[in-house]
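Trainee: Below you'll find data01.cif; it's mmCIF, C-alpha atoms.
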data_start
#
loop_
_atom_site.label_atom_id
_atom_site.label_comp_id
_atom_site.auth_asym_id
_atom_site.auth_seq_id
_atom_site.Cartn_x
_atom_site.Cartn_y
_atom_site.Cartn_z
CA MET A 1038 -27.03 -23.94 5.16
CA PRO A 1039 -29.11 -25.66 2.45
CA GLU A 1040 -32.87 -25.25 2.35
CA PRO A 1041 -34.94 -28.00 4.02
CA SER A 1042 -34.73 -31.23 2.05
CA PRO A 1043 -37.77 -33.29 1.04
CA TYR A 1044 -35.98 -36.16 2.75
CA ASP A 1045 -36.08 -34.44 6.13
CA PRO A 1046 -39.66 -35.45 7.06
CA ILE A 1047 -39.10 -39.09 6.09
CA ALA A 1048 -35.44 -39.50 7.12
CA GLY A 1049 -36.25 -42.36 9.47
CA LEU A 1050 -38.17 -44.17 6.76
CA TYR A 1051 -35.30 -43.72 4.28
CA HIS A 1052 -32.72 -44.86 6.81
CA ASP A 1053 -34.56 -48.07 7.71
CA LEU A 1054 -36.32 -49.01 4.47
CA TRP A 1055 -33.29 -48.86 2.15
CA ALA A 1056 -30.54 -49.74 4.63
CA ASP A 1057 -29.70 -53.10 3.06
CA TRP A 1058 -31.06 -52.74 -0.45
CA TYR A 1059 -28.78 -50.64 -2.65
CA PHE A 1060 -25.24 -51.65 -1.73
CA PRO A 1061 -25.58 -55.46 -1.92
CA ALA A 1062 -27.06 -55.12 -5.40
CA ALA A 1063 -24.60 -52.48 -6.61
CA ARG A 1064 -21.53 -54.17 -5.13
CA PRO A 1065 -20.32 -55.80 -8.39
CA ALA A 1066 -20.18 -52.45 -10.19
CA LEU A 1067 -18.57 -50.63 -7.29
CA GLU A 1068 -15.98 -53.37 -6.87
CA THR A 1069 -14.97 -53.09 -10.53
CA LEU A 1070 -15.12 -49.33 -11.00
CA PHE A 1071 -14.19 -48.00 -7.57
CA PHE A 1072 -12.89 -50.27 -4.82
CA THR A 1073 -10.28 -52.04 -6.95
CA LYS A 1074 -8.86 -48.64 -7.96
CA LEU A 1075 -8.23 -47.35 -4.43
CA SER A 1076 -5.79 -48.43 -1.76
CA LYS A 1077 -6.79 -48.65 1.88
CA GLY A 1078 -6.29 -45.43 3.80
CA LEU A 1079 -7.04 -43.02 0.97
CA SER A 1080 -9.52 -40.18 1.42
CA VAL A 1081 -13.00 -40.38 -0.16
CA LEU A 1082 -15.72 -37.76 -0.56
CA ASP A 1083 -19.18 -39.39 -0.39
CA VAL A 1084 -21.41 -37.00 -2.37
CA CYS A 1085 -25.11 -37.04 -1.44
CA CYS A 1086 -24.35 -39.65 1.19
CA GLY A 1087 -27.84 -39.79 2.71
CA SER A 1088 -27.79 -41.36 6.17
CA GLY A 1089 -24.59 -43.27 5.41
CA HIS A 1090 -25.62 -46.63 3.92
CA VAL A 1091 -22.66 -46.74 1.51
CA THR A 1092 -20.52 -44.56 3.77
CA ARG A 1093 -20.50 -47.42 6.25
CA GLU A 1094 -18.91 -49.68 3.64
CA LEU A 1095 -16.29 -47.06 2.77
CA LEU A 1096 -15.36 -46.84 6.42
CA ARG A 1097 -15.28 -50.63 6.78
CA ARG A 1098 -12.82 -50.85 3.89
CA GLY A 1099 -10.40 -48.48 5.60
CA TYR A 1100 -10.97 -45.21 3.76
CA ARG A 1101 -11.00 -41.80 5.42
CA VAL A 1102 -14.42 -40.42 4.58
CA THR A 1103 -16.22 -37.10 4.37
CA GLY A 1104 -19.92 -37.36 3.63
CA ILE A 1105 -22.06 -34.47 2.39
CA ASP A 1106 -25.83 -34.29 1.94
CA ALA A 1107 -28.44 -31.54 1.75
CA SER A 1108 -30.70 -33.25 4.29
CA ALA A 1109 -29.88 -32.24 7.86
CA GLU A 1110 -32.05 -35.08 9.19
CA LEU A 1111 -30.25 -37.74 7.15
CA ILE A 1112 -26.88 -36.32 8.19
CA ALA A 1113 -27.96 -36.43 11.84
CA ARG A 1114 -28.70 -40.14 11.50
CA GLY A 1115 -25.36 -40.72 9.81
CA ARG A 1116 -23.51 -38.94 12.60
CA ALA A 1117 -25.31 -41.00 15.22
CA ASP A 1118 -24.42 -44.29 13.52
CA LEU A 1119 -20.92 -43.44 12.26
CA PRO A 1120 -19.26 -40.87 14.53
CA GLU A 1121 -15.88 -41.57 12.90
CA VAL A 1122 -17.06 -39.97 9.64
CA ASP A 1123 -16.82 -36.25 8.88
CA PHE A 1124 -20.48 -35.66 7.93
CA ARG A 1125 -21.50 -32.22 6.68
CA VAL A 1126 -24.84 -30.70 5.70
CA MET A 1127 -24.10 -29.30 2.25
CA ASP A 1128 -25.79 -28.82 -1.12
CA ALA A 1129 -23.65 -30.68 -3.66
CA ARG A 1130 -24.18 -27.85 -6.16
CA HIS A 1131 -22.43 -25.43 -3.83
CA MET A 1132 -19.55 -27.34 -2.25
CA HIS A 1133 -17.18 -25.50 0.05
CA LEU A 1134 -14.60 -27.96 1.31
CA ASP A 1135 -11.36 -27.16 3.09
CA CYS A 1136 -9.40 -30.22 1.95
CA SER A 1137 -8.89 -32.39 -1.12
CA TYR A 1138 -9.64 -36.05 -1.72
CA ASP A 1139 -8.21 -39.03 -3.55
CA ALA A 1140 -11.63 -40.09 -4.84
CA ALA A 1141 -15.31 -39.17 -4.81
CA LEU A 1142 -18.35 -41.43 -4.96
CA SER A 1143 -22.05 -40.73 -5.43
CA THR A 1144 -24.51 -43.63 -5.35
CA PHE A 1145 -28.17 -44.66 -5.56
CA ASP A 1146 -28.95 -42.27 -8.48
CA SER A 1147 -28.46 -39.35 -6.08
CA LEU A 1148 -27.39 -36.99 -8.84
CA ASN A 1149 -30.72 -37.48 -10.62
CA HIS A 1150 -32.10 -35.33 -7.78
CA VAL A 1151 -30.31 -32.37 -9.39
CA LEU A 1152 -33.10 -31.04 -11.58
CA SER A 1153 -31.18 -28.94 -14.12
CA LEU A 1154 -28.19 -29.54 -16.35
CA ILE A 1155 -26.67 -26.31 -15.02
CA GLY A 1156 -26.96 -27.69 -11.51
CA LEU A 1157 -25.43 -30.99 -12.57
CA ARG A 1158 -22.44 -29.16 -14.05
CA GLN A 1159 -22.08 -27.28 -10.76
CA VAL A 1160 -21.86 -30.59 -8.92
CA PHE A 1161 -19.26 -31.91 -11.36
CA LYS A 1162 -17.22 -28.71 -11.03
CA GLY A 1163 -17.33 -28.92 -7.24
CA VAL A 1164 -16.24 -32.55 -7.25
CA LEU A 1165 -13.42 -31.83 -9.70
CA GLN A 1166 -12.10 -29.02 -7.53
CA ALA A 1167 -12.29 -31.24 -4.43
CA LEU A 1168 -10.21 -34.01 -6.03
CA ARG A 1169 -6.45 -34.24 -5.99
CA PRO A 1170 -4.75 -34.52 -9.41
CA GLY A 1171 -5.55 -37.96 -10.80
CA GLY A 1172 -8.47 -38.35 -8.39
CA LEU A 1173 -11.28 -40.74 -9.33
CA PHE A 1174 -15.01 -39.91 -9.46
CA VAL A 1175 -17.60 -42.69 -9.76
CA PHE A 1176 -21.38 -42.28 -9.69
CA ASP A 1177 -24.54 -43.87 -11.03
CA MET A 1178 -27.60 -42.27 -12.62
CA ASN A 1179 -30.86 -43.52 -14.06
CA LEU A 1180 -31.80 -43.10 -17.70
CA GLU A 1181 -35.39 -42.75 -18.89
CA GLN A 1182 -35.83 -46.52 -19.21
CA ALA A 1183 -35.66 -46.87 -15.44
CA TYR A 1184 -38.46 -44.38 -14.85
CA LEU A 1185 -40.65 -45.74 -17.64
CA ALA A 1186 -40.49 -49.16 -15.96
CA ASP A 1187 -42.25 -47.82 -12.86
CA LEU A 1188 -45.75 -49.30 -12.67
CA LYS A 1189 -47.17 -46.32 -10.72
CA GLN A 1190 -48.41 -48.69 -8.03
CA TRP A 1191 -48.05 -48.31 -4.28
CA ALA A 1192 -45.37 -50.42 -2.62
CA VAL A 1193 -46.38 -51.03 0.98
CA THR A 1194 -44.11 -52.09 3.84
CA THR A 1195 -45.41 -52.75 7.36
CA THR A 1196 -43.92 -53.41 10.78
CA ASP A 1197 -45.45 -53.25 14.23
CA ASP A 1198 -44.53 -49.57 14.51
CA ASP A 1199 -44.40 -48.34 10.90
CA VAL A 1200 -46.44 -48.40 7.71
CA SER A 1201 -44.81 -46.97 4.58
CA LEU A 1202 -46.27 -46.39 1.14
CA VAL A 1203 -44.07 -45.50 -1.83
CA ARG A 1204 -45.21 -44.75 -5.38
CA GLY A 1205 -43.31 -43.41 -8.37
CA THR A 1206 -44.65 -41.50 -11.38
CA TYR A 1207 -42.87 -40.08 -14.42
CA ASP A 1208 -43.70 -37.18 -16.77
CA THR A 1209 -42.25 -37.80 -20.22
CA ALA A 1210 -42.57 -34.14 -21.22
CA SER A 1211 -40.59 -32.63 -18.36
CA LYS A 1212 -38.39 -35.72 -17.85
CA VAL A 1213 -39.10 -35.46 -14.13
CA ALA A 1214 -39.88 -38.46 -11.95
CA SER A 1215 -41.73 -38.00 -8.66
CA THR A 1216 -41.62 -40.43 -5.76
CA GLU A 1217 -44.40 -39.98 -3.22
CA LEU A 1218 -43.65 -41.35 0.24
CA ILE A 1219 -46.25 -41.62 3.01
CA TRP A 1220 -45.10 -42.80 6.41
CA PHE A 1221 -47.24 -43.72 9.40
CA ARG A 1222 -45.21 -44.08 12.57
CA ARG A 1223 -46.41 -45.13 16.03
CA ASP A 1224 -45.21 -43.06 18.97
CA PRO A 1225 -44.17 -45.60 21.63
CA LYS A 1226 -44.96 -43.14 24.45
CA SER A 1227 -48.49 -42.11 23.45
CA ASP A 1228 -49.31 -45.13 21.26
CA LEU A 1229 -50.66 -42.65 18.69
CA TRP A 1230 -49.79 -42.76 15.01
CA GLU A 1231 -48.12 -39.85 13.21
CA ARG A 1232 -48.44 -39.34 9.45
CA ARG A 1233 -45.63 -37.86 7.38
CA ARG A 1234 -45.58 -37.29 3.64
CA SER A 1235 -42.98 -36.12 1.15
CA VAL A 1236 -42.51 -35.97 -2.62
CA VAL A 1237 -38.99 -36.40 -3.98
CA GLU A 1238 -38.22 -35.40 -7.56
CA GLU A 1239 -35.57 -36.69 -9.94
CA ARG A 1240 -34.68 -35.59 -13.46
CA CYS A 1241 -33.48 -38.00 -16.11
CA TYR A 1242 -30.76 -36.97 -18.54
CA LYS A 1243 -29.47 -38.58 -21.68
CA GLN A 1244 -26.20 -40.44 -21.32
CA GLN A 1245 -24.60 -38.12 -23.87
CA GLU A 1246 -25.60 -35.06 -21.81
CA ILE A 1247 -23.96 -36.50 -18.71
CA VAL A 1248 -20.75 -37.48 -20.49
CA GLU A 1249 -20.52 -34.09 -22.21
CA ALA A 1250 -21.07 -32.27 -18.93
CA LEU A 1251 -18.25 -34.27 -17.33
CA ALA A 1252 -15.91 -33.49 -20.22
CA GLU A 1253 -16.85 -29.80 -20.32
CA THR A 1254 -16.16 -29.56 -16.60
CA GLY A 1255 -12.66 -30.97 -17.10
CA PHE A 1256 -12.88 -34.68 -16.29
CA VAL A 1257 -10.81 -37.08 -18.37
CA SER A 1258 -10.77 -40.86 -18.90
CA ILE A 1259 -14.57 -40.85 -18.84
CA VAL A 1260 -16.32 -44.23 -18.94
CA ALA A 1261 -20.05 -45.01 -18.98
CA VAL A 1262 -21.08 -48.61 -18.29
CA PRO A 1263 -24.61 -50.04 -18.02
CA ALA A 1264 -25.11 -51.46 -14.55
CA THR A 1265 -26.29 -54.81 -15.88
CA GLU A 1266 -22.97 -55.20 -17.72
CA CYS A 1267 -21.19 -54.81 -14.37
CA GLY A 1268 -23.05 -57.69 -12.76
CA VAL A 1269 -25.86 -55.67 -11.18
CA ASP A 1270 -29.17 -57.53 -11.34
CA SER A 1271 -32.06 -56.11 -13.33
CA ASP A 1272 -34.08 -55.01 -10.30
CA LEU A 1273 -31.54 -52.28 -9.60
CA GLY A 1274 -29.63 -52.25 -12.86
CA TYR A 1275 -32.29 -51.72 -15.51
CA GLY A 1276 -31.81 -48.26 -17.01
CA ARG A 1277 -28.96 -47.44 -14.59
CA ILE A 1278 -25.52 -46.33 -15.84
CA PHE A 1279 -22.31 -46.15 -13.82
CA TYR A 1280 -19.93 -43.36 -14.81
CA SER A 1281 -16.32 -42.80 -13.91
CA GLY A 1282 -13.87 -40.02 -14.67
CA ARG A 1283 -10.67 -38.58 -13.30
CA ARG A 1284 -9.23 -35.20 -12.60
CA SER A 1285 -6.26 -34.86 -14.89
CA SER A 1286 -2.93 -35.46 -13.19
CA MET A 1287 -1.70 -32.36 -15.07
CA TRP A 1288 -4.56 -30.14 -13.88
CA LYS A 1289 -3.68 -26.85 -12.26
CA ASP A 1290 -6.30 -24.59 -10.68
CA ALA A 1291 -6.61 -21.18 -12.25
#
In structure tokens, write the structure found in this file.

Mentor:
Amino acid sequence: MPEPSPYDPIAGLYHDLWADWYFPAARPALETLFFTKLSKGLSVLDVCCGSGHVTRELLRRGYRVTGIDASAELIARGRADLPEVDFRVMDARHMHLDCSYDAALSTFDSLNHVLSLIGLRQVFKGVLQALRPGGLFVFDMNLEQAYLADLKQWAVTTTDDDVSLVRGTYDTASKVASTELIWFRRDPKSDLWERRRSVVEERCYKQQEIVEALAETGFVSIVAVPATECGVDSDLGYGRIFYSGRRSSMWKDA
């Protein structure tokens, strides 16, 4: 079982605040690089699936889906919303899966949460081993430009029962971005407000590092495409790259 995730305390905030933000904006890239490559009914591994925002779309399009994430709280919300999906609490660096998949997908710069290049290679190796020969892997990651664009100001969202504050900072020396999330939530029974706080870290890598790690792991037909060139608007697309690669159809496990 993975260690507690920084997303656990703010899983409800994550689930509600970003429910309809990422996928509509990323749709053009995912249509081009992923959905048009896969027939209905194939099996897909959703890596770092969160609470299932993109998983829902995979299911809607007729794929058989397994979703993995290190946050037990996010997985619990995914299971509640999408009982048809095989959700598992699992660290993507240490995958242990009992079946293979036609494709794998990781979205919303989830792999930037892996804070070392060694860890990133572990994820790539696990995905490769989980894919059938010829299987497709598509994911997106942020480059440094995306983190440098953060204005370090609080973004505030309010409802009758919630107040959320989100602020991002970036350290150019360590290449680590930190997102601070503070969530005030009203308990409907007591009418009292509860405060939760979490800090989520991401590491930015150079595009060359990511491509080389994919190749060293064994992926072939590797493509790296800026999100804005795939029709993603600048709000989501600036500094974001979509990558795709395949497990060789000739690959044989040692």

Trainee: Any chance you could resolve the PyMOL selection byres ((chain A and resi 1185) around 10) against this file and give the residues as a PyMOL selection string?

Mentor: chain A and resi 1180-1184+1186-1189+1205-1209+1214+1276

Trainee: Each residue of stretch 1109-1172 of chain A with at least one atom at most 12 Å from stretch 1250-1254 of chain A should appear once, together with its nearest atom pair and the corresponding distance in Å (one decimal); atoms considered: all atoms listed in the file; ordering: chain, then increasing residue number; output as a tab-separated table.

Mentor:
residue	atom	partner	partner_atom	distance
A:Ser1153	CA	A:Ala1250	CA	11.7
A:Leu1154	CA	A:Ala1250	CA	8.1
A:Ile1155	CA	A:Ala1250	CA	9.1
A:Gly1156	CA	A:Ala1250	CA	10.5
A:Leu1157	CA	A:Ala1250	CA	7.8
A:Arg1158	CA	A:Ala1250	CA	5.9
A:Gln1159	CA	A:Thr1254	CA	8.6
A:Val1160	CA	A:Thr1254	CA	9.6
A:Phe1161	CA	A:Leu1251	CA	6.5
A:Lys1162	CA	A:Thr1254	CA	5.7
A:Gly1163	CA	A:Thr1254	CA	9.5
A:Val1164	CA	A:Thr1254	CA	9.8
A:Leu1165	CA	A:Thr1254	CA	7.8
A:Gln1166	CA	A:Thr1254	CA	10.0

Trainee: Which one is closest to A:Ala1048: A:Arg1204, A:Arg1234, A:Lys1074, A:His1131? Count all atoms listed in the file.

Mentor: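 Going through A:Arg1204, A:Arg1234, A:Lys1074, A:His1131 one by one, the smallest distance to A:Ala1048 is for A:Arg1234.
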
Trainee: Using all atoms listed in the file, find the one residue out of A:Val1102, A:Val1203, A:Val1122, A:Met1178 that sits nearest to A:Asp1083.

Mentor: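 Using all atoms listed in the file, A:Asp1083 sits closest to A:Val1102.
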
Trainee: Output as AutoDock Vina command-line options the centre and edge lengths (Å, one decimal) of the box along x, y and z of the file that holds every listed atom of stretch 1174-1177 of chain A after adding 3 Å on each side.

Mentor:
--center_x -19.8 --center_y -41.9 --center_z -10.2 --size_x 15.5 --size_y 10.0 --size_z 7.6

Trainee: Give as a PyMOL selection string each residue that has an atom at most 10 Å from (-22.4, -51.4, -13.2) in the file, counting only C-alpha atoms.

Mentor: chain A and resi 1062-1070+1176-1177+1261-1270+1273-1274+1277-1280

Trainee: Take atom CA of A:Glu1110 and atom CA of A:Leu1079 and report the distance between them in Å, one decimal.

Mentor: 27.5 Å

Trainee: Please tell me which residues are no farther than 6 Å from (-27.3, -30.4, 4.4) in the file, counting only C-alpha atoms, and write them as a list in words.

Mentor: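 Those residues lying close to the given coordinates are Pro1039, Asp1106, Ala1107, Ser1108, Ala1109, Val1126, Met1127 and Asp1128 of chain A.
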
Trainee: Distance atom CA of A:Leu1173-atom CA of A:Phe1256, one decimal place?

Mentor: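 Those two atoms sit 9.4 Å apart.
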
Trainee: Give me the result of the PyMOL selection byres ((chain A and resi 1049) around 10) on this file, residue by residue, as an MDAnalysis selection string.

Mentor: chainID A and resid 1044:1048 1050:1054 1088 1110:1111 1114 1220 1222

Trainee: One number please: atom CA of A:Ser1147 to atom CA of A:Gln1245, in Å, one decimal.

Mentor: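 Distance reported for this atom pair: 18.2 Å.
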